[in-house]
>>> print(open('structure_9.txt').read())   # compact mmCIF, C-alpha atoms and all ligand atoms
# COMPACT_ATOMS: atom_id res chain seq x y z
CA MET J 1 0.00 0.00 0.00
CA ILE J 2 1.10 3.58 -0.58
CA SER J 3 0.22 6.64 1.48
CA ILE J 4 -0.12 10.11 0.03
CA VAL J 5 0.35 12.88 2.58
CA ILE J 6 -0.99 16.33 1.70
CA PRO J 7 -0.89 19.31 4.09
CA ILE J 8 -3.85 21.65 3.75
CA TYR J 9 -4.07 25.19 5.07
CA ASN J 10 -7.02 27.32 3.97
CA GLU J 11 -7.32 25.68 0.57
CA SER J 12 -11.14 25.52 0.31
CA ILE J 13 -11.09 27.17 -3.14
CA ILE J 14 -9.14 24.34 -4.71
CA LEU J 15 -9.97 21.36 -2.51
CA GLN J 16 -12.63 20.00 -4.84
CA GLN J 17 -10.17 20.22 -7.75
CA LEU J 18 -7.58 18.41 -5.67
CA TYR J 19 -10.05 15.66 -4.83
CA ASP J 20 -11.13 15.22 -8.45
CA ARG J 21 -7.56 15.13 -9.76
CA LEU J 22 -6.50 12.60 -7.13
CA VAL J 23 -9.48 10.35 -7.74
CA SER J 24 -9.01 10.41 -11.50
CA ALA J 25 -5.24 9.83 -11.21
CA ALA J 26 -5.62 6.92 -8.78
CA PRO J 27 -6.22 4.24 -11.46
CA LEU J 28 -2.77 5.12 -12.87
CA TRP J 29 -1.09 3.26 -10.04
CA LYS J 30 -1.69 -0.37 -9.16
CA GLU J 31 -1.15 -0.22 -5.42
CA ASP J 32 -3.81 0.09 -2.81
CA TYR J 33 -3.57 3.59 -1.36
CA GLU J 34 -4.59 5.95 1.39
CA ILE J 35 -4.67 9.71 1.08
CA ILE J 36 -3.96 11.57 4.31
CA LEU J 37 -5.06 15.17 4.23
CA VAL J 38 -3.52 17.03 7.16
CA ASP J 39 -5.59 20.04 8.11
CA ASP J 40 -3.05 22.49 9.47
CA GLY J 41 -5.56 24.56 11.45
CA SER J 42 -7.46 26.01 8.50
CA GLN J 43 -9.81 28.87 9.32
CA ASP J 44 -11.96 28.57 6.19
CA ASN J 45 -14.25 25.61 5.57
CA SER J 46 -11.50 23.29 4.29
CA LEU J 47 -12.14 20.88 7.14
CA GLU J 48 -15.86 20.55 6.39
CA GLN J 49 -15.06 19.80 2.76
CA MET J 50 -12.46 17.23 3.73
CA ARG J 51 -14.93 15.59 6.10
CA LYS J 52 -17.18 15.02 3.10
CA PHE J 53 -14.31 13.48 1.13
CA ALA J 54 -13.69 11.00 3.92
CA GLU J 55 -17.38 10.16 4.14
CA ALA J 56 -17.65 9.62 0.40
CA ASN J 57 -14.35 7.87 -0.20
CA PRO J 58 -12.76 5.31 2.13
CA HIS J 59 -9.31 6.04 0.72
CA PHE J 60 -9.28 9.45 2.39
CA ARG J 61 -8.19 9.97 5.99
CA ILE J 62 -8.20 13.40 7.57
CA LEU J 63 -5.91 14.49 10.34
CA LYS J 64 -6.95 17.71 12.02
CA LEU J 65 -4.17 19.52 13.87
CA SER J 66 -5.19 21.61 16.84
CA ARG J 67 -3.91 24.86 15.25
CA ASN J 68 -1.69 26.11 12.44
CA PHE J 69 1.69 24.52 13.08
CA GLY J 70 3.16 25.16 9.64
CA HIS J 71 3.85 23.19 6.50
CA GLN J 72 6.82 21.14 7.75
CA PRO J 73 5.22 20.04 11.04
CA ALA J 74 2.01 19.20 9.13
CA ILE J 75 3.99 16.96 6.78
CA SER J 76 5.70 15.35 9.76
CA ALA J 77 2.33 14.63 11.34
CA GLY J 78 1.08 13.01 8.15
CA ILE J 79 4.19 10.87 7.80
CA LYS J 80 3.76 9.64 11.34
CA TYR J 81 0.20 8.55 10.67
CA ALA J 82 0.86 7.00 7.26
CA LYS J 83 0.67 3.22 7.13
CA GLY J 84 1.94 2.64 3.58
CA ASP J 85 5.02 0.76 2.45
CA ALA J 86 5.90 3.97 0.69
CA VAL J 87 4.88 7.49 1.62
CA ILE J 88 4.39 10.29 -0.86
CA ILE J 89 4.52 13.94 0.12
CA MET J 90 2.69 16.43 -2.06
CA ASP J 91 1.43 19.99 -1.84
CA GLY J 92 -2.30 20.56 -1.72
CA ASP J 93 -2.36 23.24 -4.41
CA LEU J 94 -1.73 20.84 -7.32
CA GLN J 95 1.69 22.32 -8.02
CA ASP J 96 2.87 18.74 -7.70
CA PRO J 97 0.66 16.93 -10.21
CA PRO J 98 -0.70 13.56 -9.02
CA GLU J 99 -0.48 12.31 -12.62
CA GLU J 100 3.34 12.32 -12.25
CA LEU J 101 3.25 9.73 -9.48
CA PRO J 102 3.52 6.59 -11.65
CA ARG J 103 6.95 7.76 -12.89
CA PHE J 104 8.09 8.17 -9.29
CA LEU J 105 6.57 4.89 -8.20
CA ALA J 106 8.39 3.09 -11.00
CA LYS J 107 11.72 4.23 -9.53
CA TRP J 108 10.65 3.13 -6.06
CA LYS J 109 9.81 -0.31 -7.44
CA GLU J 110 13.26 -0.42 -9.03
CA GLY J 111 14.60 -0.37 -5.50
CA TYR J 112 15.21 3.30 -4.67
CA HIS J 113 14.32 4.28 -1.12
CA VAL J 114 13.86 7.97 -1.82
CA VAL J 115 12.62 9.34 -5.12
CA TYR J 116 12.63 13.12 -4.88
CA ALA J 117 11.25 15.52 -7.43
CA VAL J 118 13.62 17.98 -9.05
CA ARG J 119 11.98 21.11 -10.40
CA THR J 120 13.03 21.94 -13.92
CA LYS J 121 10.76 24.90 -14.56
CA ARG J 122 9.17 27.08 -11.97
CA LYS J 123 6.17 29.14 -12.84
CA GLU J 124 6.81 31.80 -10.27
CA GLY J 125 7.85 35.44 -10.11
CA PHE J 126 11.39 36.50 -11.01
CA PHE J 127 12.45 37.41 -7.47
CA LYS J 128 11.07 34.25 -5.90
CA LYS J 129 12.84 32.14 -8.52
CA LEU J 130 16.11 33.99 -7.95
CA ALA J 131 15.78 33.66 -4.17
CA TYR J 132 15.16 29.91 -4.48
CA LYS J 133 18.13 29.51 -6.80
CA VAL J 134 20.50 31.36 -4.48
CA PHE J 135 19.17 29.62 -1.37
CA TYR J 136 19.55 26.07 -2.68
CA ARG J 137 23.05 26.76 -3.93
CA VAL J 138 24.21 28.39 -0.70
CA LEU J 139 22.68 25.55 1.29
CA ALA J 140 24.34 22.93 -0.90
CA ARG J 141 27.73 24.61 -0.40
CA ILE J 142 27.67 25.09 3.34
CA SER J 143 25.55 22.24 4.68
CA ASP J 144 27.27 19.26 6.24
CA ILE J 145 25.23 16.81 4.18
CA GLU J 146 24.37 16.71 0.51
CA ILE J 147 20.97 18.28 0.06
CA PRO J 148 19.94 18.00 -3.59
CA ILE J 149 19.60 21.28 -5.44
CA ASP J 150 16.12 22.41 -6.54
CA SER J 151 14.25 19.63 -4.82
CA GLY J 152 11.38 20.40 -2.49
CA ASP J 153 9.28 18.15 -0.34
CA PHE J 154 7.55 16.37 -3.24
CA CYS J 155 8.89 12.83 -3.02
CA ILE J 156 8.32 9.15 -2.36
CA MET J 157 9.97 7.63 0.68
CA ASP J 158 10.24 3.96 1.38
CA ARG J 159 8.98 2.68 4.73
CA LYS J 160 12.61 2.26 5.84
CA VAL J 161 13.29 6.00 5.45
CA VAL J 162 9.93 7.00 6.90
CA ASP J 163 10.72 4.97 10.02
CA VAL J 164 14.08 6.71 10.33
CA LEU J 165 12.37 10.11 10.15
CA ASN J 166 9.66 9.11 12.61
CA ILE J 167 11.74 7.27 15.15
CA ASN J 168 15.35 8.40 14.87
CA MET J 169 14.80 12.06 14.10
CA PRO J 170 12.58 13.41 16.85
CA GLU J 171 13.90 16.95 16.51
CA ASN J 172 11.42 19.77 16.82
CA ILE J 173 12.63 21.97 14.01
CA ARG J 174 11.64 20.08 10.90
CA PHE J 175 13.32 20.77 7.59
CA VAL J 176 11.92 17.65 5.98
CA ARG J 177 13.94 17.73 2.75
CA GLY J 178 17.12 18.02 4.80
CA LEU J 179 16.18 15.20 7.18
CA ARG J 180 15.34 13.10 4.16
CA ALA J 181 18.76 13.76 2.63
CA PHE J 182 20.45 13.09 5.97
CA ALA J 183 18.81 9.65 6.15
CA GLY J 184 20.75 8.44 3.13
CA PHE J 185 19.80 5.05 1.61
CA LYS J 186 19.38 4.80 -2.15
CA GLN J 187 18.15 8.17 -3.40
CA ILE J 188 17.40 9.42 -6.86
CA GLY J 189 16.02 12.64 -8.34
CA VAL J 190 13.32 12.65 -11.00
CA GLU J 191 12.71 15.84 -12.96
CA TYR J 192 9.30 17.37 -13.30
CA GLU J 193 7.78 20.65 -14.26
CA ARG J 194 6.29 22.41 -11.28
CA ALA J 195 2.82 23.60 -12.20
CA GLU J 196 1.20 26.83 -11.17
CA ARG J 197 -0.96 26.93 -8.06
CA ALA J 198 -4.44 25.69 -9.04
CA GLY J 199 -6.10 28.65 -7.34
CA GLY J 200 -6.25 30.71 -4.18
CA GLU J 201 -3.42 32.57 -2.49
CA VAL J 202 0.03 31.27 -1.63
CA LYS J 203 -0.06 30.07 1.99
CA TYR J 204 3.67 30.43 2.49
CA THR J 205 3.93 34.03 3.52
CA PHE J 206 7.25 35.81 3.13
CA SER J 207 8.04 35.37 6.82
CA LYS J 208 7.19 31.65 6.74
CA LEU J 209 9.43 31.22 3.72
CA MET J 210 12.26 33.10 5.45
CA LYS J 211 11.85 30.88 8.48
CA LEU J 212 12.08 27.80 6.28
CA ALA J 213 15.25 29.09 4.65
CA ILE J 214 16.84 29.95 8.00
CA ASP J 215 15.88 26.52 9.39
CA GLY J 216 17.47 24.89 6.37
CA ILE J 217 20.74 26.71 6.83
CA PHE J 218 21.10 26.71 10.61
CA ASP J 219 19.87 23.14 11.12
CA PHE J 220 22.17 21.59 8.60
CA SER J 221 25.31 23.66 8.93
CA THR J 222 27.59 25.11 11.54
CA PHE J 223 29.24 27.24 8.89
CA PRO J 224 27.65 30.49 10.15
CA LEU J 225 29.44 29.92 13.48
CA ARG J 226 32.74 29.47 11.71
CA LEU J 227 31.98 32.61 9.73
CA ALA J 228 32.64 34.54 12.96
CA THR J 229 36.15 33.12 13.08
CA TYR J 230 36.80 33.89 9.43
CA LEU J 231 35.46 37.42 9.77
CA GLY J 232 37.49 37.93 12.93
CA LEU J 233 40.65 36.87 11.14
CA LEU J 234 39.77 38.92 8.10
CA ILE J 235 39.51 42.03 10.24
CA SER J 236 42.21 41.44 12.82
CA ILE J 237 45.08 40.46 10.52
CA PRO J 238 44.94 43.66 8.42
CA SER J 239 44.34 45.70 11.62
CA PHE J 240 47.46 44.25 13.16
CA ILE J 241 49.52 45.14 10.10
CA LEU J 242 47.96 48.59 10.03
CA GLY J 243 48.78 49.01 13.73
CA ILE J 244 52.45 48.30 13.11
CA PHE J 245 52.40 50.72 10.22
CA PHE J 246 50.89 53.41 12.48
CA ILE J 247 53.65 52.96 15.04
CA PHE J 248 56.33 53.51 12.44
CA HIS J 249 54.33 56.31 10.90
CA ARG J 250 54.26 58.04 14.26
CA LEU J 251 57.89 57.39 15.14
CA LEU J 252 59.31 58.40 11.78
CA ASN J 253 56.68 61.07 11.14
CA PHE J 254 56.70 60.77 7.33
CA LYS J 255 53.99 61.98 5.04
CA VAL J 256 51.38 59.63 3.54
CA PHE J 257 48.93 61.20 1.05
CA GLY J 258 50.17 64.55 2.19
CA TYR J 259 49.56 63.89 5.90
CA SER J 260 51.99 63.41 8.68
CA PRO J 261 50.81 61.94 12.04
CA SER J 262 51.20 65.25 13.81
CA ASP J 263 48.36 66.86 11.81
CA THR J 264 45.76 64.06 11.45
CA PRO J 265 43.11 63.84 14.13
CA GLY J 266 41.63 60.70 12.42
CA MET J 267 38.08 61.18 13.69
CA ALA J 268 36.43 59.76 10.59
CA THR J 269 38.66 56.69 10.50
CA LEU J 270 37.87 55.94 14.12
CA ALA J 271 34.15 56.40 13.71
CA VAL J 272 33.99 54.16 10.64
CA ALA J 273 36.09 51.49 12.29
CA MET J 274 33.92 51.59 15.40
CA PHE J 275 30.60 51.29 13.58
CA PHE J 276 31.93 48.60 11.30
CA LEU J 277 33.25 46.51 14.16
CA GLY J 278 30.08 47.12 16.17
CA GLY J 279 28.04 45.81 13.27
CA VAL J 280 30.21 42.75 12.86
CA VAL J 281 29.96 41.95 16.55
CA LEU J 282 26.17 42.32 16.48
CA VAL J 283 25.84 40.04 13.47
CA ILE J 284 27.97 37.42 15.17
CA LEU J 285 25.94 37.74 18.36
CA GLY J 286 22.83 37.21 16.27
CA VAL J 287 24.29 34.06 14.77
CA MET J 288 25.15 32.74 18.22
CA GLY J 289 21.64 33.61 19.39
CA GLU J 290 20.20 31.68 16.47
CA TYR J 291 21.93 28.50 17.60
CA LEU J 292 21.18 29.15 21.25
CA GLY J 293 17.49 29.59 20.41
CA ARG J 294 17.52 26.32 18.55
CA ILE J 295 19.11 24.49 21.47
CA TYR J 296 16.41 26.00 23.70
CA ILE J 297 13.61 24.85 21.39
CA GLU J 298 15.06 21.37 21.12
CA VAL J 299 15.67 20.81 24.83
CA LYS J 300 12.12 21.77 25.72
CA ARG J 301 10.94 18.69 23.82
CA ARG J 302 7.53 20.15 23.17
CA PRO J 303 5.49 18.28 20.56
CA PHE J 304 5.81 20.01 17.20
CA TYR J 305 2.21 19.24 16.27
CA LEU J 306 -0.91 18.16 18.12
CA VAL J 307 -3.70 16.11 16.57
CA GLU J 308 -7.16 17.19 17.57
CA GLU J 309 -9.18 14.74 15.52
CA GLU J 310 -8.78 11.89 13.08
CA ILE J 311 -11.53 11.47 10.53
CA VAL J 312 -11.83 8.16 8.72
CA ASN J 313 -14.53 6.51 6.70
CA GLN J 314 -16.63 4.17 8.82
CA SER J 315 -16.83 1.46 6.15
CA LYS J 316 -13.82 -0.79 5.56
CA VAL J 317 -11.29 0.36 2.99
CA SER J 318 -11.34 -1.92 -0.01
CA LYS J 319 -9.95 -1.88 -3.49
N1 LIG T 401 0.60 24.84 4.12
C1 LIG T 401 0.36 24.32 5.40
N2 LIG T 401 0.60 25.14 6.48
C2 LIG T 401 1.07 26.41 6.35
C3 LIG T 401 1.35 26.90 5.05
C4 LIG T 401 1.11 26.08 3.96
O1 LIG T 401 -0.07 23.19 5.55
O2 LIG T 401 1.25 27.07 7.36
C5 LIG T 401 0.34 23.96 2.95
C6 LIG T 401 -0.50 24.57 1.86
O3 LIG T 401 -1.88 24.38 2.08
C7 LIG T 401 -0.02 23.84 0.62
C8 LIG T 401 1.45 23.55 0.94
O4 LIG T 401 1.58 23.68 2.35
O5 LIG T 401 -0.70 22.60 0.44
C9 LIG T 401 2.40 24.48 0.22
O6 LIG T 401 2.05 25.82 0.45
P1 LIG T 401 2.06 26.93 -0.68
O7 LIG T 401 1.56 26.36 -1.95
O8 LIG T 401 1.35 28.11 -0.16
O9 LIG T 401 3.59 27.30 -0.79
P2 LIG T 401 4.63 27.14 -1.98
O10 LIG T 401 5.43 25.93 -1.60
O11 LIG T 401 3.89 26.94 -3.25
O12 LIG T 401 5.41 28.39 -1.94
MG MG T 402 2.27 26.03 -3.70
>>> encode(input="structure_9.txt", output="structure tokens", more="lines below")
Ligand code: UDP
Ligand code: MG
Amino acid sequence: MISIVIPIYNESIILQQLYDRLVSAAPLWKEDYEIILVDDGSQDNSLEQMRKFAEANPHFRILKLSRNFGHQPAISAGIKYAKGDAVIIMDGDLQDPPEELPRFLAKWKEGYHVVYAVRTKRKEGFFKKLAYKVFYRVLARISDIEIPIDSGDFCIMDRKVVDVLNINMPENIRFVRGLRAFAGFKQIGVEYERAERAGGEVKYTFSKLMKLAIDGIFDFSTFPLRLATYLGLLISIPSFILGIFFIFHRLLNFKVFGYSPSDTPGMATLAVAMFFLGGVVLVILGVMGEYLGRIYIEVKRRPFYLVEEEIVNQSKVSK
């Protein structure tokens, strides 16, 4: 059996489309399947619609979270509840077309444990595309593991990998595509064209997207910490040389650019140096704070999602 996990947050405009596309794509794969729609605390009537899906179709299971926890926690909740031998993660806005699944499933049947989707074309604005491009490349360079470039959450994971994520990676800050890469096993990327959102507004606000990017970088790399050392060296080595130069300049009192030490007060130089160094120190403090905050979040061991209700069809699932 395969499980398809789809997080849903205020998607009532396109839910019916999603349902229809899933139901009509289902005959394309041979396996028995369950579709887990995770309601991430929607405030519109998404939940009521999903309830109807579950009543009408025994393949659908609904997991209602107690509030909006965010995309990554919602996915994690769905993965935990999935019973399939393989688990598929998809977005609820049909940007990841269900009709593509047979191609992915074929790779899984060949023996790959993770089949992740690589986006060839993105139908998004120029700035968003550029930001994604830069982010994935920076992350790939500085992270301690190999996170594939231009791959999102859309993927198939074998039960083996799902168990690793569920049992061995209990961390609170979830950057699912990173955890997936960390797990290892036999992984392969399959290219696909990412469609446009089927309707409605983007649910990833700018701040949520920034948070995701920061999680990706800080949870999979200690490079920012080392950056402090590099920056420190970069500043202190030239300063040291400059200091020695100043001593000789003072002692020998020769002219540089028309100035001799006896007639330069050097106010501007001092002010610039002070503000610059102050800025650098603040940035580094921020970086340290970022890690400290993460340690704090992790040691609290609070659950990263809470399930309020599970809605399943009363009749037995059969296919
Ligand atoms: N989503 C969610 N919780 C959130 C934000 C988004 O479950 O807090 C879901 C949303 O309903 C959609 C998926 O995550 O199914 C991806 O969101 P969206 O399409 O808005 O973002 P994109 O990845 O396209 O930028
Ligand atoms: Mg989307």
>>> closest_residue(input="structure_9.txt", among="J:Asn168, J:Ser151, J:Thr269, J:Gln72", to="ligand LIG 401 (chain T)", atoms="only C-alpha atoms and all ligand atoms")
J:Gln72
>>> closest_atom_pairs(input="structure_9.txt", of="chain J", to="ligand MG 402 (chain T)", cutoff="9 Å", atoms="all atoms listed in the file", output="CSV")
residue,atom,partner,partner_atom,distance
J:Asp91,CA,T:MG402,MG,6.4
J:Gly92,CA,T:MG402,MG,7.4
J:Asp93,CA,T:MG402,MG,5.5
J:Leu94,CA,T:MG402,MG,7.5
J:Gln95,CA,T:MG402,MG,5.7
J:Asp96,CA,T:MG402,MG,8.3
J:Ala195,CA,T:MG402,MG,8.9
J:Glu196,CA,T:MG402,MG,7.6
J:Arg197,CA,T:MG402,MG,5.5
J:Ala198,CA,T:MG402,MG,8.6
J:Glu201,CA,T:MG402,MG,8.8
J:Val202,CA,T:MG402,MG,6.1
J:Lys203,CA,T:MG402,MG,7.4
J:Tyr204,CA,T:MG402,MG,7.7
>>> atom_distance(input="structure_9.txt", atom1="CA of Phe254 in chain J", atom2="CA of Phe275 in chain J")
28.5 Å
>>> closest_residue(input="structure_9.txt", among="J:Leu139, J:Ala25, J:Ile188, J:Met1", to="Leu212 in chain J", atoms="only C-alpha atoms")
J:Leu139
>>> closest_residue(input="structure_9.txt", among="J:Ile2, J:Ile8, J:Ile284, J:Ala54", to="Leu225 in chain J", atoms="all atoms listed in the file")
J:Ile284
>>> residues_around(input="structure_9.txt", residues="range 289-299 of chain J", least_positions_apart="6", cutoff="10 Å", atoms="all atoms listed in the file", output="PyMOL selection string")
chain J and resi 170-173+214-215+218-219+222+224-225+283
>>> residues_around(input="structure_9.txt", residues="Leu165 in chain J", least_positions_apart="6", cutoff="8 Å", atoms="all atoms listed in the file", output="mmCIF file with C-alpha atoms, in the frame of the given file")
data_model
loop_
_atom_site.group_PDB
_atom_site.id
_atom_site.type_symbol
_atom_site.label_atom_id
_atom_site.label_comp_id
_atom_site.auth_asym_id
_atom_site.auth_seq_id
_atom_site.Cartn_x
_atom_site.Cartn_y
_atom_site.Cartn_z
ATOM 1 C CA LEU J 179 16.180 15.200 7.180
ATOM 2 C CA ARG J 180 15.340 13.100 4.160
ATOM 3 C CA ALA J 183 18.810 9.650 6.150
#
>>> closest_residue(input="structure_9.txt", among="J:Met288, J:Leu209, J:Ile13, J:Ala82", to="ligand LIG 401 (chain T)", atoms="all atoms listed in the file")
J:Leu209
>>> closest_residue(input="structure_9.txt", among="J:Lys300, J:Arg159, J:Arg103, J:Lys64", to="ligand LIG 401 (chain T)", atoms="all atoms listed in the file")
J:Lys64
>>> atom_distance(input="structure_9.txt", atom1="CA of Lys109 in chain J", atom2="CA of Gln187 in chain J")
12.6 Å
>>> decode(input="structure_9.txt", residues="range 141-165 of chain J", atoms="N, CA and C atoms", output="PDB file, in the first residue's frame")
ATOM      1  N   ARG J 141      26.309  24.343  -0.646  1.00  0.00           N
ATOM      2  CA  ARG J 141      27.726  24.607  -0.396  1.00  0.00           C
ATOM      3  C   ARG J 141      28.102  24.455   1.065  1.00  0.00           C
ATOM      4  N   ILE J 142      27.245  24.995   1.941  1.00  0.00           N
ATOM      5  CA  ILE J 142      27.675  25.087   3.339  1.00  0.00           C
ATOM      6  C   ILE J 142      27.110  24.000   4.238  1.00  0.00           C
ATOM      7  N   SER J 143      26.126  23.224   3.766  1.00  0.00           N
ATOM      8  CA  SER J 143      25.552  22.237   4.684  1.00  0.00           C
ATOM      9  C   SER J 143      26.489  21.039   4.815  1.00  0.00           C
ATOM     10  N   ASP J 144      26.368  20.373   5.955  1.00  0.00           N
ATOM     11  CA  ASP J 144      27.269  19.262   6.243  1.00  0.00           C
ATOM     12  C   ASP J 144      26.870  17.994   5.499  1.00  0.00           C
ATOM     13  N   ILE J 145      25.650  17.979   4.965  1.00  0.00           N
ATOM     14  CA  ILE J 145      25.232  16.815   4.182  1.00  0.00           C
ATOM     15  C   ILE J 145      24.888  17.283   2.773  1.00  0.00           C
ATOM     16  N   GLU J 146      24.680  16.335   1.879  1.00  0.00           N
ATOM     17  CA  GLU J 146      24.375  16.714   0.511  1.00  0.00           C
ATOM     18  C   GLU J 146      22.874  16.836   0.322  1.00  0.00           C
ATOM     19  N   ILE J 147      22.392  18.066   0.289  1.00  0.00           N
ATOM     20  CA  ILE J 147      20.969  18.277   0.061  1.00  0.00           C
ATOM     21  C   ILE J 147      20.805  18.605  -1.421  1.00  0.00           C
ATOM     22  N   PRO J 148      20.023  17.778  -2.137  1.00  0.00           N
ATOM     23  CA  PRO J 148      19.941  18.000  -3.588  1.00  0.00           C
ATOM     24  C   PRO J 148      19.409  19.378  -3.950  1.00  0.00           C
ATOM     25  N   ILE J 149      19.984  19.942  -4.979  1.00  0.00           N
ATOM     26  CA  ILE J 149      19.601  21.275  -5.438  1.00  0.00           C
ATOM     27  C   ILE J 149      18.225  21.238  -6.113  1.00  0.00           C
ATOM     28  N   ASP J 150      17.420  22.258  -5.881  1.00  0.00           N
ATOM     29  CA  ASP J 150      16.116  22.412  -6.537  1.00  0.00           C
ATOM     30  C   ASP J 150      15.149  21.266  -6.292  1.00  0.00           C
ATOM     31  N   SER J 151      15.259  20.632  -5.132  1.00  0.00           N
ATOM     32  CA  SER J 151      14.246  19.626  -4.815  1.00  0.00           C
ATOM     33  C   SER J 151      13.519  20.070  -3.561  1.00  0.00           C
ATOM     34  N   GLY J 152      12.204  19.992  -3.624  1.00  0.00           N
ATOM     35  CA  GLY J 152      11.381  20.404  -2.488  1.00  0.00           C
ATOM     36  C   GLY J 152      10.963  19.192  -1.691  1.00  0.00           C
ATOM     37  N   ASP J 153       9.741  19.251  -1.167  1.00  0.00           N
ATOM     38  CA  ASP J 153       9.275  18.145  -0.340  1.00  0.00           C
ATOM     39  C   ASP J 153       8.634  17.037  -1.163  1.00  0.00           C
ATOM     40  N   PHE J 154       8.214  17.349  -2.372  1.00  0.00           N
ATOM     41  CA  PHE J 154       7.546  16.374  -3.235  1.00  0.00           C
ATOM     42  C   PHE J 154       8.454  15.163  -3.437  1.00  0.00           C
ATOM     43  N   CYS J 155       8.041  14.010  -2.931  1.00  0.00           N
ATOM     44  CA  CYS J 155       8.889  12.827  -3.017  1.00  0.00           C
ATOM     45  C   CYS J 155       8.124  11.560  -2.647  1.00  0.00           C
ATOM     46  N   ILE J 156       8.779  10.431  -2.897  1.00  0.00           N
ATOM     47  CA  ILE J 156       8.322   9.153  -2.359  1.00  0.00           C
ATOM     48  C   ILE J 156       9.403   8.669  -1.415  1.00  0.00           C
ATOM     49  N   MET J 157       9.010   8.213  -0.252  1.00  0.00           N
ATOM     50  CA  MET J 157       9.974   7.632   0.676  1.00  0.00           C
ATOM     51  C   MET J 157       9.543   6.214   1.015  1.00  0.00           C
ATOM     52  N   ASP J 158      10.501   5.329   0.987  1.00  0.00           N
ATOM     53  CA  ASP J 158      10.240   3.956   1.378  1.00  0.00           C
ATOM     54  C   ASP J 158       9.988   3.889   2.889  1.00  0.00           C
ATOM     55  N   ARG J 159       9.277   2.867   3.302  1.00  0.00           N
ATOM     56  CA  ARG J 159       8.977   2.685   4.729  1.00  0.00           C
ATOM     57  C   ARG J 159      10.224   2.781   5.608  1.00  0.00           C
ATOM     58  N   LYS J 160      11.344   2.214   5.095  1.00  0.00           N
ATOM     59  CA  LYS J 160      12.611   2.265   5.843  1.00  0.00           C
ATOM     60  C   LYS J 160      12.980   3.691   6.217  1.00  0.00           C
ATOM     61  N   VAL J 161      12.909   4.607   5.232  1.00  0.00           N
ATOM     62  CA  VAL J 161      13.294   5.998   5.454  1.00  0.00           C
ATOM     63  C   VAL J 161      12.261   6.708   6.328  1.00  0.00           C
ATOM     64  N   VAL J 162      10.994   6.390   6.093  1.00  0.00           N
ATOM     65  CA  VAL J 162       9.930   6.995   6.899  1.00  0.00           C
ATOM     66  C   VAL J 162      10.121   6.643   8.371  1.00  0.00           C
ATOM     67  N   ASP J 163      10.482   5.386   8.633  1.00  0.00           N
ATOM     68  CA  ASP J 163      10.719   4.973  10.018  1.00  0.00           C
ATOM     69  C   ASP J 163      11.893   5.735  10.631  1.00  0.00           C
ATOM     70  N   VAL J 164      12.929   5.946   9.836  1.00  0.00           N
ATOM     71  CA  VAL J 164      14.077   6.707  10.334  1.00  0.00           C
ATOM     72  C   VAL J 164      13.631   8.119  10.724  1.00  0.00           C
ATOM     73  N   LEU J 165      12.845   8.749   9.861  1.00  0.00           N
ATOM     74  CA  LEU J 165      12.368  10.109  10.145  1.00  0.00           C
ATOM     75  C   LEU J 165      11.487  10.132  11.396  1.00  0.00           C
TER      76      LEU J 165
END
